[in-house]
2 protein chains.
Amino acid sequence: MAEEKKLTTRAEDFAEWYNEVVQRAELADYAPVRGSMVIRPWGYGIWENMQRALDAMLKDTGHENAYFPLLIPMSFIEKEKKHVEGFAPELAVVTQAGGKPLEEPYAIRPTSETIIYAMYAKWVQSYRDLPILLNQWANVMRWELRTKLFLRTTEFLWQEGHTAHATAAEAEAEAVMILGVYRKFVEEWIAMPPLTGVKSDNEKFAGAVRSHSIEALMQDNKALQAGTSHFLGQNFAKQFELKFQSEGGQEEYAWNTSWGVSTRLVGGMVMTHGDDAGLVVPPKIAPVQVVIVPILGGDDEAAVRAKCDEVAARLKAAGVRVKLDARDNVTAGAKYYEWERKGVPFRVEIGPKDLAKGSVALVRRLTPEGEKRKAFVPEAEAIATLPTRLDAFQKELLEAARKRREASSVRGVQSIDELAKALDEGAGFVFTGWSGDPAVEAEVKERTKATLRAIVDEEFRSPAAPSKCVSGKGASIAEVAWARAY
Amino acid sequence: MAEEKKLTTRAEDFAEWYNEVVQRAELADYAPVRGSMVIRPWGYGIWENMQRALDAMLKDTGHENAYFPLLIPMSFIEKEKKHVEGFAPELAVVTQAGGKPLEEPYAIRPTSETIIYAMYAKWVQSYRDLPILLNQWANVMRWELRTKLFLRTTEFLWQEGHTAHATAAEAEAEAVMILGVYRKFVEEWIAMPPLTGVKSDNEKFAGAVRSHSIEALMQDNKALQAGTSHFLGQNFAKQFELKFQSEGGQEEYAWNTSWGVSTRLVGGMVMTHGDDAGLVVPPKIAPVQVVIVPILGGDDEAAVRAKCDEVAARLKAAGVRVKLDARDNVTAGAKYYEWERKGVPFRVEIGPKDLAKGSVALVRRLTPEGEKRKAFVPEAEAIATLPTRLDAFQKELLEAARKRREASSVRGVQSIDELAKALDEGAGFVFTGWSGDPAVEAEVKERTKATLRAIVDEEFRSPAAPSKCVSGKGASIAEVAWARAY
């Protein structure tokens with residue numbers, strides 16, 4: 001069977017390994033639409049778990065969901081100058097509908113600031129109508145030339161939050177608060193520990209005053225922008241006449257934020273935790289946390305099946321997402337291989353010998369160094385301890401990813417030569433001083449292919465602040481992290 | 001304030017009443033895109049509750065979610081002859097992307113049979129790969145000329161299930177099973193009791209062998225097609241080469257079903273339960289089931305607020321979706337009016353007098369005849385009984401809707417004259433015999449504006465089967481229900 005062909009290893013070719021894992025773990029498949037993909041049930045189940053977790057966090061912080069149109073009149077997108085510059089080259093355009101050419105073409109939303117703020121302008125009269133704190137889960141389209149499953153596809157799924165506030169300070173606080181929600185979400189649920197910081201003007205969102213970002217590090221030491229939160233100032237409010245009467249009676253423009261994370265996070269999960277056997281899914285977002293595989297074929301087959309049913313029911317009652325793989329026409333070995341490739345955290349094997357001993361074989365998808373991968377555990381103990389074993393597994397993934405990130409970070413770099421050398425030697429994030437000059441970004445990119453990922457937030461700064469710009473020219477005004485990136 | 005203008009009543013102008021309720025209850029608003037709408041948080045919250053309930057029912061019956069592309073190559077849609085005839089006039093077409101004209105245009109999906117079965121063809125080799133039981137929650141687009149908020153919009157949200165089976169019998173059973181899920185879902189959650197039946201060839205889905213439907217009756221006695229489940233035979237399988245090797249080793253085409261319900265259900269809810277004060281939302285799908293309004297302004301304001309917080313916390317702990325409306329700048333009367341318009345099932349009023357008596361005022365959005373709308377109830381009793389009061393409210397809505405449907409049904413009608421008369425006198429569903437001749441449908445529609453809603457399933461048939469066709473020509477082969485419809 002084609003399926004039995006070994007995966008390319010990460011060391012051989014990380015990009016090829018990624019593509020194979022995504023397809024062979026049945027996360028996604030290529031679609032017959034340029035740059036588009038089909039998200040298959042295993043991938044969609046992971047995305048649903050991410051959605052549910054983040055949606056609850058956004059509701060807990062006062063946001064409500066709504067839904068705005070897919071199509072945006074071209075004239076709307078053209079209103080905000082920077083915005084149209086950023087997005088026009090990537091638009092998919094509807095020019096015909098209902099059998100006729102349209103008078104004004106529509107763009108399929110690449111993001112929804114324009115149409116959403118046009119609606120807010122209709123709804124807001126007074127400061128009493130503010131803030132507006134809305135989010136939508138939606139599909140968006142950006143006609144990218146080079147695409148890659150989950151990481152960059154012409155169509156993708158995301159959430160986009162859009163808020164309107166009476167003051168700049170309130171909007172800025174919202175953008176920062178959401179960045180914190182994103183960080184907590186990806187750390188706690190995806191076990192992906194990002195840096196946080198602010199984008200340079202060069203890298204910020206088209207139309208934003210300031211873009212905050214969470215930047216995760218993949219196993220190939222490339223960075224992945226995993227979520228962004230933008231303070232938009234009054235840029236859109238002025239173009240869409242989003243005005244309100246203040247408490248003092250003046251007419252003022254509102255202040256906006258927008259923020260989003262996307263199905264790209266599924267790709268980030270693959271590249272953070274996967275290994276040469278395939279996917280590793282963090283338990284909190286795994287559609288199946290424990291798979292039970294019966295060892296069939298002996299005289300005790302009925303008893304083995306009954307025991308598997310019982311263990312499955314007890315695990316389910318304990319709140320574990322459990323799957324009993326009782327298929328007849330697939331060998332136990334093939335099942336092991338399949339569920340490992342799909343990254344299920346724990347496997348329970350139950351056969352006639354286990355019945356006799358009252359135990360089960362418990363197999364961990366990943367094992368901390370020095371521990372055995374497979375353990376024979378009394379049945380009751382296995383059931384009782386699996387929830388805490390799953391928690392421990394989740395924490396270990398986060399800890400391992402954090403250690404990897406730190407181990408590959410290089411600090412105190414003083415020149416572009418040194419920066420290039422560090423990257424060539426496999427560094428992840430390289431921290432340097434920066435003068436704020438965009439020419440330095442251009443030079444670094446030209447020489448190293450790395451980009452300025454973020455002006456890092458305080459927590460991630462080096463103990464001694466760098467005094468000089470990495471270019472050698474001028475003083476540093478901020479410590480920044482560079483990396484090659486997806 | 002404009003908001004204080006009284007609603008048009010249902011008796012004055014049902015269509016106008018509907019539009020006003022949808023907008024003034026903030027379910028939705030018109031968008032600056034032809035025939036499109038914005039679903040506002042109150043409307044989206046109701047849709048989310050519907051989604052969550054139906055999604056669980058679909059998962060319980062073995063279905064998984066996935067996501068397929070928004071864009072469909074035009075050549076795919078053109079493959080199934082009936083399908084393209086049905087959908088071509090309503091397509092929105094992308095002809096440019098990434099700044100260039102496309103070689104082959106894409107349609108925005110009006111429904112996804114074509115692209116989904118093209119993918120299934122890639123995934124299925126053997127009978128072991130069947131059945132495939134997938135569902136997706138997605139936006140679709142049909143460029144309709146006459147639009148109406150929720151009921152018919154160019155873009156709408158829905159779920160579409162698509163399954164592939166090894167035998168016709170299995171696929172037919174799936175289509176019928178799903179119809180049962182839909183019926184249970186709309187009855188139990190939306191308190192909307194539909195008829196079930198099969199569509200005539202004239203009314204069936206473009207590309208289906210047989211379309212099953214649930215048909216609900218609105219308060220203006222017009223029918224609403226609330227969900228459909230289609231047995232597609234091998235029509236799409238043959239066009240998309242969806243083949244498998246059978247257990248006997250032959251190559252065979254798979255058998256498909258597809259089925260969907262949409263945001264149209266929100267409109268159905270409005271027209272089933274609303275009254276002249278606005279919306280009435282069934283408790284099981286209400287984003288807020290109980291609103292607490294403090295009577296502020298007296299000396300005891302702090303104590304009133306504290307009591308409201310306490311009652312809210314206790315109701316929340318009892319599993320009730322509760323909202324405390326503690327706004328300062330809105331009078332209690334204006335709050336009553338607003339939450340009634342939004343259809344919240346119960347209101348709790350707490351003021352200084354209530355504090356002294358240890359009671360609260362409990363106000364029901366709708367009251368069974370002979371009961372008081374407002375009751376003063378000891379606080380502990382109110383908290384303890386609200387969950388069961390909500391259940392009773394839900395059941396009463398369903399019962400009232402069922403009685404209304406039955407009261408307006410007319411059976412035993414023998415001629416088109418009689419059918420026209422019944423409809424003019426305000427009948428809802430009119431049951432007659434039918435010969436199976438599509439010319440009769442055309443004649444009835446011409447004379448009465450009614451359409452054949454369904455060849456009704458056994459449960460809904462009259463005790464004595466009609467022997468003759470309503471046209472007077474020929475014997476009846478099936479009892480059918482006619483109605484004017486949305």
# chains A, B, ... in the order shown; residues from 1 in each chain; ligands from 1
call {"tool": "residues_around", "arguments": {"residues": "A:Arg146", "least_positions_apart": "2", "cutoff": "12 Å", "atoms": "only C-alpha atoms", "output": "PDB file with C-alpha atoms, in the first residue's frame"}}
result
ATOM      1  CA  ARG A  34      -5.727  27.340  -7.439  1.00  0.00           C
ATOM      2  CA  GLY A  35      -3.973  27.628  -4.069  1.00  0.00           C
ATOM      3  CA  SER A  36      -6.981  26.296  -2.201  1.00  0.00           C
ATOM      4  CA  GLU A  90      -4.364  39.908  -3.877  1.00  0.00           C
ATOM      5  CA  ARG A 142      -6.064  36.492  -0.695  1.00  0.00           C
ATOM      6  CA  TRP A 143      -4.810  35.509  -4.113  1.00  0.00           C
ATOM      7  CA  GLU A 144      -1.266  34.588  -3.110  1.00  0.00           C
ATOM      8  CA  LYS A 148       1.316  26.011   1.154  1.00  0.00           C
ATOM      9  CA  LEU A 149      -1.330  23.943   2.917  1.00  0.00           C
ATOM     10  CA  LEU A 151       0.200  28.327   6.028  1.00  0.00           C
ATOM     11  CA  ARG A 152      -0.716  30.305   2.959  1.00  0.00           C
ATOM     12  CA  THR A 153      -3.775  29.392   0.902  1.00  0.00           C
ATOM     13  CA  THR A 154      -5.879  31.591  -1.348  1.00  0.00           C
ATOM     14  CA  TYR A 486       6.877  31.579   6.863  1.00  0.00           C
TER      15      TYR A 486
ATOM     16  CA  GLY B  98      -4.455  38.614  -8.281  1.00  0.00           C
TER      17      GLY B  98
END
call {"tool": "residues_around", "arguments": {"residues": "stretch 41-54 of chain B", "least_positions_apart": "5", "cutoff": "7 Å", "atoms": "only C-alpha atoms", "output": "list in words"}}
result
Glu64, Asn65 and Ala66 of chain A; Glu26, Leu27, Ala28, Phe185, Thr263, Val266, Ile285, Ala286 and Pro287 of chain B
call {"tool": "select_by_dssp", "arguments": {"residues": "stretch 321-390 of chain B", "states": "strand (DSSP E or B)", "output": "list in words"}}
result
Val322, Lys323, Leu324, Phe346, Arg347, Val348, Glu349, Ile350, Ser359, Val360, Ala361, Leu362, Val363, Arg364, Lys374, Ala375, Phe376, Val377 and Pro378 of chain B
call {"tool": "write_last_selection", "arguments": {"atoms": "N, CA and C atoms", "output": "PDB file, in the first residue's frame"}}
result
ATOM      1  N   VAL B 322     -28.513  34.165  31.664  1.00  0.00           N
ATOM      2  CA  VAL B 322     -29.116  35.332  32.296  1.00  0.00           C
ATOM      3  C   VAL B 322     -28.319  36.580  31.951  1.00  0.00           C
ATOM      4  N   LYS B 323     -29.026  37.697  31.817  1.00  0.00           N
ATOM      5  CA  LYS B 323     -28.341  38.977  31.580  1.00  0.00           C
ATOM      6  C   LYS B 323     -28.883  39.977  32.582  1.00  0.00           C
ATOM      7  N   LEU B 324     -27.958  40.664  33.255  1.00  0.00           N
ATOM      8  CA  LEU B 324     -28.346  41.737  34.156  1.00  0.00           C
ATOM      9  C   LEU B 324     -28.175  43.046  33.390  1.00  0.00           C
ATOM     10  N   PHE B 346     -38.207  35.495  29.763  1.00  0.00           N
ATOM     11  CA  PHE B 346     -38.619  35.964  31.100  1.00  0.00           C
ATOM     12  C   PHE B 346     -37.852  37.218  31.523  1.00  0.00           C
ATOM     13  N   ARG B 347     -38.560  38.072  32.244  1.00  0.00           N
ATOM     14  CA  ARG B 347     -37.904  39.245  32.834  1.00  0.00           C
ATOM     15  C   ARG B 347     -38.107  39.198  34.345  1.00  0.00           C
ATOM     16  N   VAL B 348     -37.052  39.492  35.066  1.00  0.00           N
ATOM     17  CA  VAL B 348     -37.136  39.602  36.523  1.00  0.00           C
ATOM     18  C   VAL B 348     -36.909  41.072  36.869  1.00  0.00           C
ATOM     19  N   GLU B 349     -37.861  41.665  37.576  1.00  0.00           N
ATOM     20  CA  GLU B 349     -37.705  43.054  38.023  1.00  0.00           C
ATOM     21  C   GLU B 349     -37.444  43.052  39.525  1.00  0.00           C
ATOM     22  N   ILE B 350     -36.443  43.793  39.931  1.00  0.00           N
ATOM     23  CA  ILE B 350     -36.140  43.864  41.366  1.00  0.00           C
ATOM     24  C   ILE B 350     -35.996  45.328  41.772  1.00  0.00           C
ATOM     25  N   SER B 359     -39.199  39.322  47.603  1.00  0.00           N
ATOM     26  CA  SER B 359     -39.786  38.754  46.387  1.00  0.00           C
ATOM     27  C   SER B 359     -39.226  39.459  45.152  1.00  0.00           C
ATOM     28  N   VAL B 360     -39.573  38.938  43.989  1.00  0.00           N
ATOM     29  CA  VAL B 360     -39.224  39.590  42.725  1.00  0.00           C
ATOM     30  C   VAL B 360     -40.482  39.586  41.849  1.00  0.00           C
ATOM     31  N   ALA B 361     -40.490  40.492  40.876  1.00  0.00           N
ATOM     32  CA  ALA B 361     -41.579  40.448  39.888  1.00  0.00           C
ATOM     33  C   ALA B 361     -41.079  39.626  38.706  1.00  0.00           C
ATOM     34  N   LEU B 362     -41.885  38.654  38.303  1.00  0.00           N
ATOM     35  CA  LEU B 362     -41.508  37.737  37.226  1.00  0.00           C
ATOM     36  C   LEU B 362     -42.482  37.989  36.085  1.00  0.00           C
ATOM     37  N   VAL B 363     -41.922  38.365  34.917  1.00  0.00           N
ATOM     38  CA  VAL B 363     -42.789  38.711  33.790  1.00  0.00           C
ATOM     39  C   VAL B 363     -42.461  37.798  32.619  1.00  0.00           C
ATOM     40  N   ARG B 364     -43.519  37.170  32.107  1.00  0.00           N
ATOM     41  CA  ARG B 364     -43.389  36.228  31.009  1.00  0.00           C
ATOM     42  C   ARG B 364     -43.577  36.965  29.697  1.00  0.00           C
ATOM     43  N   LYS B 374     -47.693  39.119  34.868  1.00  0.00           N
ATOM     44  CA  LYS B 374     -46.684  39.495  35.860  1.00  0.00           C
ATOM     45  C   LYS B 374     -47.059  38.854  37.192  1.00  0.00           C
ATOM     46  N   ALA B 375     -46.097  38.194  37.820  1.00  0.00           N
ATOM     47  CA  ALA B 375     -46.377  37.556  39.103  1.00  0.00           C
ATOM     48  C   ALA B 375     -45.321  37.982  40.110  1.00  0.00           C
ATOM     49  N   PHE B 376     -45.744  38.215  41.353  1.00  0.00           N
ATOM     50  CA  PHE B 376     -44.767  38.498  42.407  1.00  0.00           C
ATOM     51  C   PHE B 376     -44.483  37.190  43.120  1.00  0.00           C
ATOM     52  N   VAL B 377     -43.233  36.795  43.063  1.00  0.00           N
ATOM     53  CA  VAL B 377     -42.858  35.461  43.507  1.00  0.00           C
ATOM     54  C   VAL B 377     -41.720  35.594  44.508  1.00  0.00           C
ATOM     55  N   PRO B 378     -41.766  34.825  45.613  1.00  0.00           N
ATOM     56  CA  PRO B 378     -40.620  34.860  46.535  1.00  0.00           C
ATOM     57  C   PRO B 378     -39.327  34.571  45.760  1.00  0.00           C
TER      58      PRO B 378
END
call {"tool": "select_by_dssp", "arguments": {"residues": "stretch 19-185 of chain B", "states": "helix (DSSP H, G or I)", "output": "compact mmCIF listing (two decimals) with C-alpha atoms, in the first residue's frame"}}
result
# COMPACT_ATOMS: atom_id res chain seq x y z
CA ASN B 19 -39.04 43.58 8.32
CA GLU B 20 -39.49 45.91 11.28
CA VAL B 21 -39.13 43.16 13.86
CA VAL B 22 -35.97 41.78 12.26
CA GLN B 23 -34.34 45.19 12.24
CA ARG B 24 -35.64 46.63 15.49
CA PRO B 41 -25.10 39.75 17.55
CA TRP B 42 -28.66 39.02 18.69
CA GLY B 43 -29.48 37.21 15.45
CA TYR B 44 -26.10 35.52 15.31
CA GLY B 45 -26.42 34.37 18.93
CA ILE B 46 -29.70 32.63 18.03
CA TRP B 47 -28.05 31.06 14.97
CA GLU B 48 -25.10 29.89 17.10
CA ASN B 49 -27.48 28.15 19.48
CA MET B 50 -29.24 26.49 16.55
CA GLN B 51 -25.86 25.46 15.11
CA ARG B 52 -24.62 23.98 18.34
CA ALA B 53 -27.77 21.89 18.79
CA LEU B 54 -27.92 20.59 15.22
CA ASP B 55 -24.17 20.02 15.05
CA ALA B 56 -24.38 17.74 18.10
CA MET B 57 -27.28 15.82 16.53
CA LEU B 58 -25.35 15.36 13.28
CA LYS B 59 -22.26 14.17 15.16
CA ASP B 60 -24.39 11.78 17.21
CA MET B 74 -17.38 26.63 -13.77
CA SER B 75 -16.68 23.39 -15.62
CA PHE B 76 -17.63 21.42 -12.47
CA ILE B 77 -21.03 23.05 -12.18
CA LYS B 81 -27.14 18.78 -16.61
CA LYS B 82 -30.10 19.43 -14.31
CA HIS B 83 -27.82 20.97 -11.72
CA VAL B 84 -26.46 23.61 -14.06
CA GLU B 85 -29.95 24.37 -15.39
CA GLY B 86 -31.11 25.00 -11.83
CA PHE B 87 -28.20 27.05 -10.61
CA ALA B 88 -26.62 28.84 -13.58
CA PRO B 89 -29.00 31.83 -13.48
CA GLU B 90 -28.12 32.53 -9.84
CA GLU B 113 -22.19 18.85 -4.54
CA THR B 114 -19.85 19.19 -7.51
CA ILE B 115 -16.61 20.04 -5.76
CA ILE B 116 -17.28 17.69 -2.86
CA TYR B 117 -17.98 14.65 -5.04
CA ALA B 118 -14.89 15.47 -7.11
CA MET B 119 -12.88 15.18 -3.88
CA TYR B 120 -14.66 12.00 -2.76
CA ALA B 121 -13.71 10.47 -6.12
CA LYS B 122 -10.08 11.08 -5.15
CA TRP B 123 -10.48 9.52 -1.68
CA TYR B 127 -16.17 -0.33 -0.47
CA ARG B 128 -14.04 -0.16 2.69
CA ASP B 129 -13.75 3.60 2.18
CA ALA B 168 -28.94 2.83 -3.07
CA ALA B 169 -30.84 1.50 -0.06
CA GLU B 170 -28.24 2.81 2.37
CA ALA B 171 -28.28 6.26 0.75
CA GLU B 172 -32.08 6.38 0.74
CA ALA B 173 -32.15 5.44 4.42
CA GLU B 174 -29.63 8.21 5.15
CA ALA B 175 -31.78 10.84 3.40
CA VAL B 176 -34.84 9.77 5.39
CA MET B 177 -32.90 9.58 8.66
CA ILE B 178 -31.62 13.13 8.20
CA LEU B 179 -35.15 14.38 7.51
CA GLY B 180 -36.06 12.93 10.90
CA VAL B 181 -33.11 14.73 12.52
CA TYR B 182 -34.23 18.01 10.95
CA ARG B 183 -37.79 17.55 12.11
CA LYS B 184 -36.73 16.73 15.66
CA PHE B 185 -34.32 19.66 15.65
call {"tool": "atom_distance", "arguments": {"atom1": "atom CA of B:Phe460", "atom2": "atom CA of B:Gly412"}}
result
13.0 Å
call {"tool": "atom_distance", "arguments": {"atom1": "atom CA of A:Leu242", "atom2": "atom CA of A:Asn256"}}
result
9.7 Å
call {"tool": "atom_distance", "arguments": {"atom1": "atom CA of B:Pro466", "atom2": "atom CA of B:Ala454"}}
result
15.1 Å
call {"tool": "residues_around", "arguments": {"residues": "A:Ala318", "least_positions_apart": "3", "cutoff": "8 Å", "atoms": "only C-alpha atoms", "output": "list in words"}}
result
Arg314, Leu315 and Pro387 of chain A
call {"tool": "residues_around", "arguments": {"residues": "stretch 217-229 of chain A", "least_positions_apart": "6", "cutoff": "9 Å", "atoms": "only C-alpha atoms", "output": "NGL selection string"}}
result
:A and (10-11 or 14 or 151 or 161 or 174-176 or 178-179 or 182-183 or 186 or 192-195 or 205 or 210-211 or 257-262 or 264-265 or 268-274 or 401 or 404-405 or 408 or 423 or 426-429 or 453 or 482-486)
call {"tool": "write_last_selection", "arguments": {"atoms": "C-alpha atoms", "output": "PDB file, in the first residue's frame"}}
result
ATOM      1  CA  ARG A  10      12.476  16.446   9.019  1.00  0.00           C
ATOM      2  CA  ALA A  11      16.250  16.355   8.658  1.00  0.00           C
ATOM      3  CA  PHE A  14      11.479  19.823   6.349  1.00  0.00           C
ATOM      4  CA  LEU A 151       0.200  28.327   6.028  1.00  0.00           C
ATOM      5  CA  GLY A 161     -12.415  41.007  15.652  1.00  0.00           C
ATOM      6  CA  GLU A 174      -8.028  46.582  23.668  1.00  0.00           C
ATOM      7  CA  ALA A 175      -5.356  45.747  21.067  1.00  0.00           C
ATOM      8  CA  VAL A 176      -2.875  44.872  23.816  1.00  0.00           C
ATOM      9  CA  ILE A 178      -6.309  40.792  22.736  1.00  0.00           C
ATOM     10  CA  LEU A 179      -2.622  40.088  22.117  1.00  0.00           C
ATOM     11  CA  TYR A 182      -3.911  35.187  21.765  1.00  0.00           C
ATOM     12  CA  ARG A 183      -0.707  34.416  23.609  1.00  0.00           C
ATOM     13  CA  VAL A 186      -1.746  29.437  21.749  1.00  0.00           C
ATOM     14  CA  MET A 192       3.055  26.931  21.178  1.00  0.00           C
ATOM     15  CA  PRO A 193       5.046  29.543  23.134  1.00  0.00           C
ATOM     16  CA  PRO A 194       5.365  32.741  21.083  1.00  0.00           C
ATOM     17  CA  LEU A 195       7.346  35.918  21.443  1.00  0.00           C
ATOM     18  CA  PHE A 205      -1.043  45.687   8.649  1.00  0.00           C
ATOM     19  CA  ARG A 210       0.451  49.816  15.143  1.00  0.00           C
ATOM     20  CA  SER A 211       0.388  46.025  14.753  1.00  0.00           C
ATOM     21  CA  THR A 257      -8.868  47.862  16.533  1.00  0.00           C
ATOM     22  CA  SER A 258      -8.881  44.689  14.476  1.00  0.00           C
ATOM     23  CA  TRP A 259      -7.290  41.322  15.193  1.00  0.00           C
ATOM     24  CA  GLY A 260      -7.245  37.805  13.868  1.00  0.00           C
ATOM     25  CA  VAL A 261      -5.921  34.272  13.954  1.00  0.00           C
ATOM     26  CA  SER A 262      -6.498  31.713  11.237  1.00  0.00           C
ATOM     27  CA  ARG A 264      -2.571  28.845   9.778  1.00  0.00           C
ATOM     28  CA  LEU A 265      -2.421  27.820  13.446  1.00  0.00           C
ATOM     29  CA  GLY A 268       1.935  25.937  13.245  1.00  0.00           C
ATOM     30  CA  MET A 269       0.857  23.029  15.405  1.00  0.00           C
ATOM     31  CA  VAL A 270       2.223  20.545  12.852  1.00  0.00           C
ATOM     32  CA  MET A 271       5.614  22.258  12.658  1.00  0.00           C
ATOM     33  CA  THR A 272       5.897  22.787  16.420  1.00  0.00           C
ATOM     34  CA  HIS A 273       5.174  19.253  17.607  1.00  0.00           C
ATOM     35  CA  GLY A 274       5.332  16.769  14.735  1.00  0.00           C
ATOM     36  CA  ALA A 401       8.742  23.957  22.582  1.00  0.00           C
ATOM     37  CA  ARG A 404      13.684  24.650  21.803  1.00  0.00           C
ATOM     38  CA  ARG A 405      12.851  28.287  21.210  1.00  0.00           C
ATOM     39  CA  SER A 408      17.932  28.408  19.325  1.00  0.00           C
ATOM     40  CA  LEU A 423      21.160  32.245  11.061  1.00  0.00           C
ATOM     41  CA  GLY A 426      20.683  27.388  12.611  1.00  0.00           C
ATOM     42  CA  ALA A 427      19.610  30.156  14.946  1.00  0.00           C
ATOM     43  CA  GLY A 428      15.896  30.817  15.412  1.00  0.00           C
ATOM     44  CA  PHE A 429      15.224  34.276  16.763  1.00  0.00           C
ATOM     45  CA  ARG A 453       9.642  39.733  13.336  1.00  0.00           C
ATOM     46  CA  TRP A 482      14.943  38.720  13.488  1.00  0.00           C
ATOM     47  CA  ALA A 483      14.201  35.394  11.866  1.00  0.00           C
ATOM     48  CA  ARG A 484      13.560  33.755   8.577  1.00  0.00           C
ATOM     49  CA  ALA A 485       9.847  33.307   8.475  1.00  0.00           C
ATOM     50  CA  TYR A 486       6.877  31.579   6.863  1.00  0.00           C
TER      51      TYR A 486
END
call {"tool": "residues_around", "arguments": {"residues": "A:Gly233", "least_positions_apart": "2", "cutoff": "6 Å", "atoms": "only C-alpha atoms", "output": "list in words"}}
result
Val209, Phe231, Asn235, Trp255 and Asn256 of chain A
call {"tool": "closest_residue", "arguments": {"among": "A:Val330, A:Leu7, A:Val280, A:Asp13", "to": "chain B", "atoms": "only C-alpha atoms"}}
result
A:Val330
